[in-house]
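To start, the structure itself, in structure tokens.
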Amino acid sequence: MNDTSKSRDYLISISAVILFLVVWQLAATAGVINRNILASPFDLAILGAQQVVDGTIFRHTLVSLSRVISGFTIGAVLAIILGLAMGNSERFRIIINPIVEVLRPIPPLAWIPLAIIWFGIGETSKIFLIALTSFFPIVVNTFKGVTGLDRTLLRAARSFDVTPRKMLWQVALPAAMPDISTGLRVGWSLALAVLVAAEMIAAKSGLGFLITEAMNLGRFDMVVFGIVVIGIVSVATDALLRAFIGRYLLFWHRGLDSAGG
């Protein structure tokens, strides 16, 4: 995609967002939308300015990000290790894969009672929920990437007498990285999605706490504002994660694409 096409796509996307906000504001002003239930963009902008000035939104956002990053990191590391092991050992896969497939469809909210029983109502239970949520898409994609390796690539590596350890870290892992990267992005998005539920466990700070507290107080404008902030954080952090993946995990893949183009 050339620079002109990218600029056009960005312009279309920005225009769509602006149009959406304008329609939303007009509907609120005309009374089509009850502003006591769904605040208008103008109301949210005023509320956001207040939150920025007193620093409240930054404090809650940083607390939430620290929880998400901690849980996501734990879940991602365990998932990649387990996915690589399943992809490289058929016996291990036969033992572990059924367990993964049974646990994978269980909604994260169903784990909340057990999280409280096992880890209490402190930070550990919140991080556990986030780690568990991000774990499954990453392990599935890692396993898919390892088992889908080009057999020609493996035969070429074996012809150079590559040791099993080097085969894993220098051949299998880099070749599976596109699938792993997909799992990382999906896992991060789901980690943010479960954040509100995780912060409902006796939290005293964070975006989920902000939304829950506002709901209990009948501050529905604050509820909408918190949801919007989570959306903005999700988009911004996904862009950062995508840039990190492109620069550090898939830099060789970008080179191949350029050579092929």
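Identifiers for the structure tokens are assigned positionally: chains receive A, B, ... in sequence, residues are indexed from 1 per chain, and ligands are indexed from 1 in the order shown.
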Interface rows for stretch 140-227 of chain A against stretch 111-120 of chain A: nearest pair, Å to one decimal, 9 Å, only C-alpha atoms, as JSON lines:
{"residue": "A:Ala197", "atom": "CA", "partner": "A:Ile112", "partner_atom": "CA", "distance": 8.3}
{"residue": "A:Ala198", "atom": "CA", "partner": "A:Ile112", "partner_atom": "CA", "distance": 7.8}
{"residue": "A:Ile201", "atom": "CA", "partner": "A:Ile116", "partner_atom": "CA", "distance": 7.8}
Would you mind exporting the chosen residues as a JSON list (two decimals), in the first residue's frame, restricted to N, CA and C atoms?
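So out-v8.json came out as:
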[["chain", "number", "residue", "atom", "x", "y", "z"],
["A", 197, "ALA", "N", -14.22, -6.37, 34.82],
["A", 197, "ALA", "CA", -14.63, -7.46, 35.71],
["A", 197, "ALA", "C", -13.58, -7.73, 36.78],
["A", 198, "ALA", "N", -12.31, -7.69, 36.39],
["A", 198, "ALA", "CA", -11.24, -7.96, 37.35],
["A", 198, "ALA", "C", -11.20, -6.88, 38.43],
["A", 201, "ILE", "N", -13.42, -6.74, 41.77],
["A", 201, "ILE", "CA", -13.09, -7.51, 42.97],
["A", 201, "ILE", "C", -12.44, -6.58, 43.98]]
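Summary of the local environment: counting only C-alpha atoms, residues at most 8 Å from stretch 172-178 of chain A, other than itself and those fewer than 4 positions away along its chain, are Leu84, Thr142, Lys144, Gly145, Val146, Gly148, Leu149, Met167, Leu168, Thr182, Leu249 and Leu250 of chain A.
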The selected residues should be written to file as a PDB file, in the first residue's frame (atoms: C-alpha atoms).
ATOM      1  CA  LEU A  84       5.931 -24.491  21.807  1.00  0.00           C
ATOM      2  CA  THR A 142       1.470 -20.508  19.211  1.00  0.00           C
ATOM      3  CA  LYS A 144      -0.970 -23.389  15.361  1.00  0.00           C
ATOM      4  CA  GLY A 145       2.177 -21.580  14.281  1.00  0.00           C
ATOM      5  CA  VAL A 146       4.538 -24.369  15.369  1.00  0.00           C
ATOM      6  CA  GLY A 148       2.041 -25.245  10.602  1.00  0.00           C
ATOM      7  CA  LEU A 149       5.756 -24.848   9.907  1.00  0.00           C
ATOM      8  CA  MET A 167      15.748 -25.961  16.015  1.00  0.00           C
ATOM      9  CA  LEU A 168      13.242 -24.736  18.581  1.00  0.00           C
ATOM     10  CA  THR A 182      -1.739 -12.583  16.224  1.00  0.00           C
ATOM     11  CA  LEU A 249       9.357  -9.745  16.432  1.00  0.00           C
ATOM     12  CA  LEU A 250       8.591  -9.591  12.722  1.00  0.00           C
TER      13      LEU A 250
END
Checklist entry - Within 9 Å of A:Gly183, counting only C-alpha atoms, which residues qualify if same-chain residues fewer than 3 places away don't, as number ranges by chain? => result A: 76, 134-142, 178-180, 186-188
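Contact shell of stretch 23-27 of chain A at 8 Å (only C-alpha atoms; same-chain neighbours under 5 positions omitted): Val32, Ile33, Ser40, Pro41 and Phe42 of chain A.
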May I have the selected residues written with N, CA and C atoms, as an mmCIF file, in the first residue's frame?
data_model
loop_
_atom_site.group_PDB
_atom_site.id
_atom_site.type_symbol
_atom_site.label_atom_id
_atom_site.label_comp_id
_atom_site.auth_asym_id
_atom_site.auth_seq_id
_atom_site.Cartn_x
_atom_site.Cartn_y
_atom_site.Cartn_z
ATOM 1 N N VAL A 32 -33.433 13.269 21.154
ATOM 2 C CA VAL A 32 -33.644 11.891 20.706
ATOM 3 C C VAL A 32 -32.994 10.917 21.692
ATOM 4 N N ILE A 33 -31.862 11.344 22.250
ATOM 5 C CA ILE A 33 -31.149 10.559 23.259
ATOM 6 C C ILE A 33 -31.275 11.264 24.601
ATOM 7 N N SER A 40 -23.768 13.325 26.024
ATOM 8 C CA SER A 40 -23.361 13.732 24.681
ATOM 9 C C SER A 40 -21.845 13.878 24.617
ATOM 10 N N PRO A 41 -21.262 13.897 23.409
ATOM 11 C CA PRO A 41 -19.813 14.115 23.281
ATOM 12 C C PRO A 41 -19.343 15.402 23.947
ATOM 13 N N PHE A 42 -20.164 16.475 23.853
ATOM 14 C CA PHE A 42 -19.793 17.743 24.486
ATOM 15 C C PHE A 42 -19.736 17.592 26.007
#
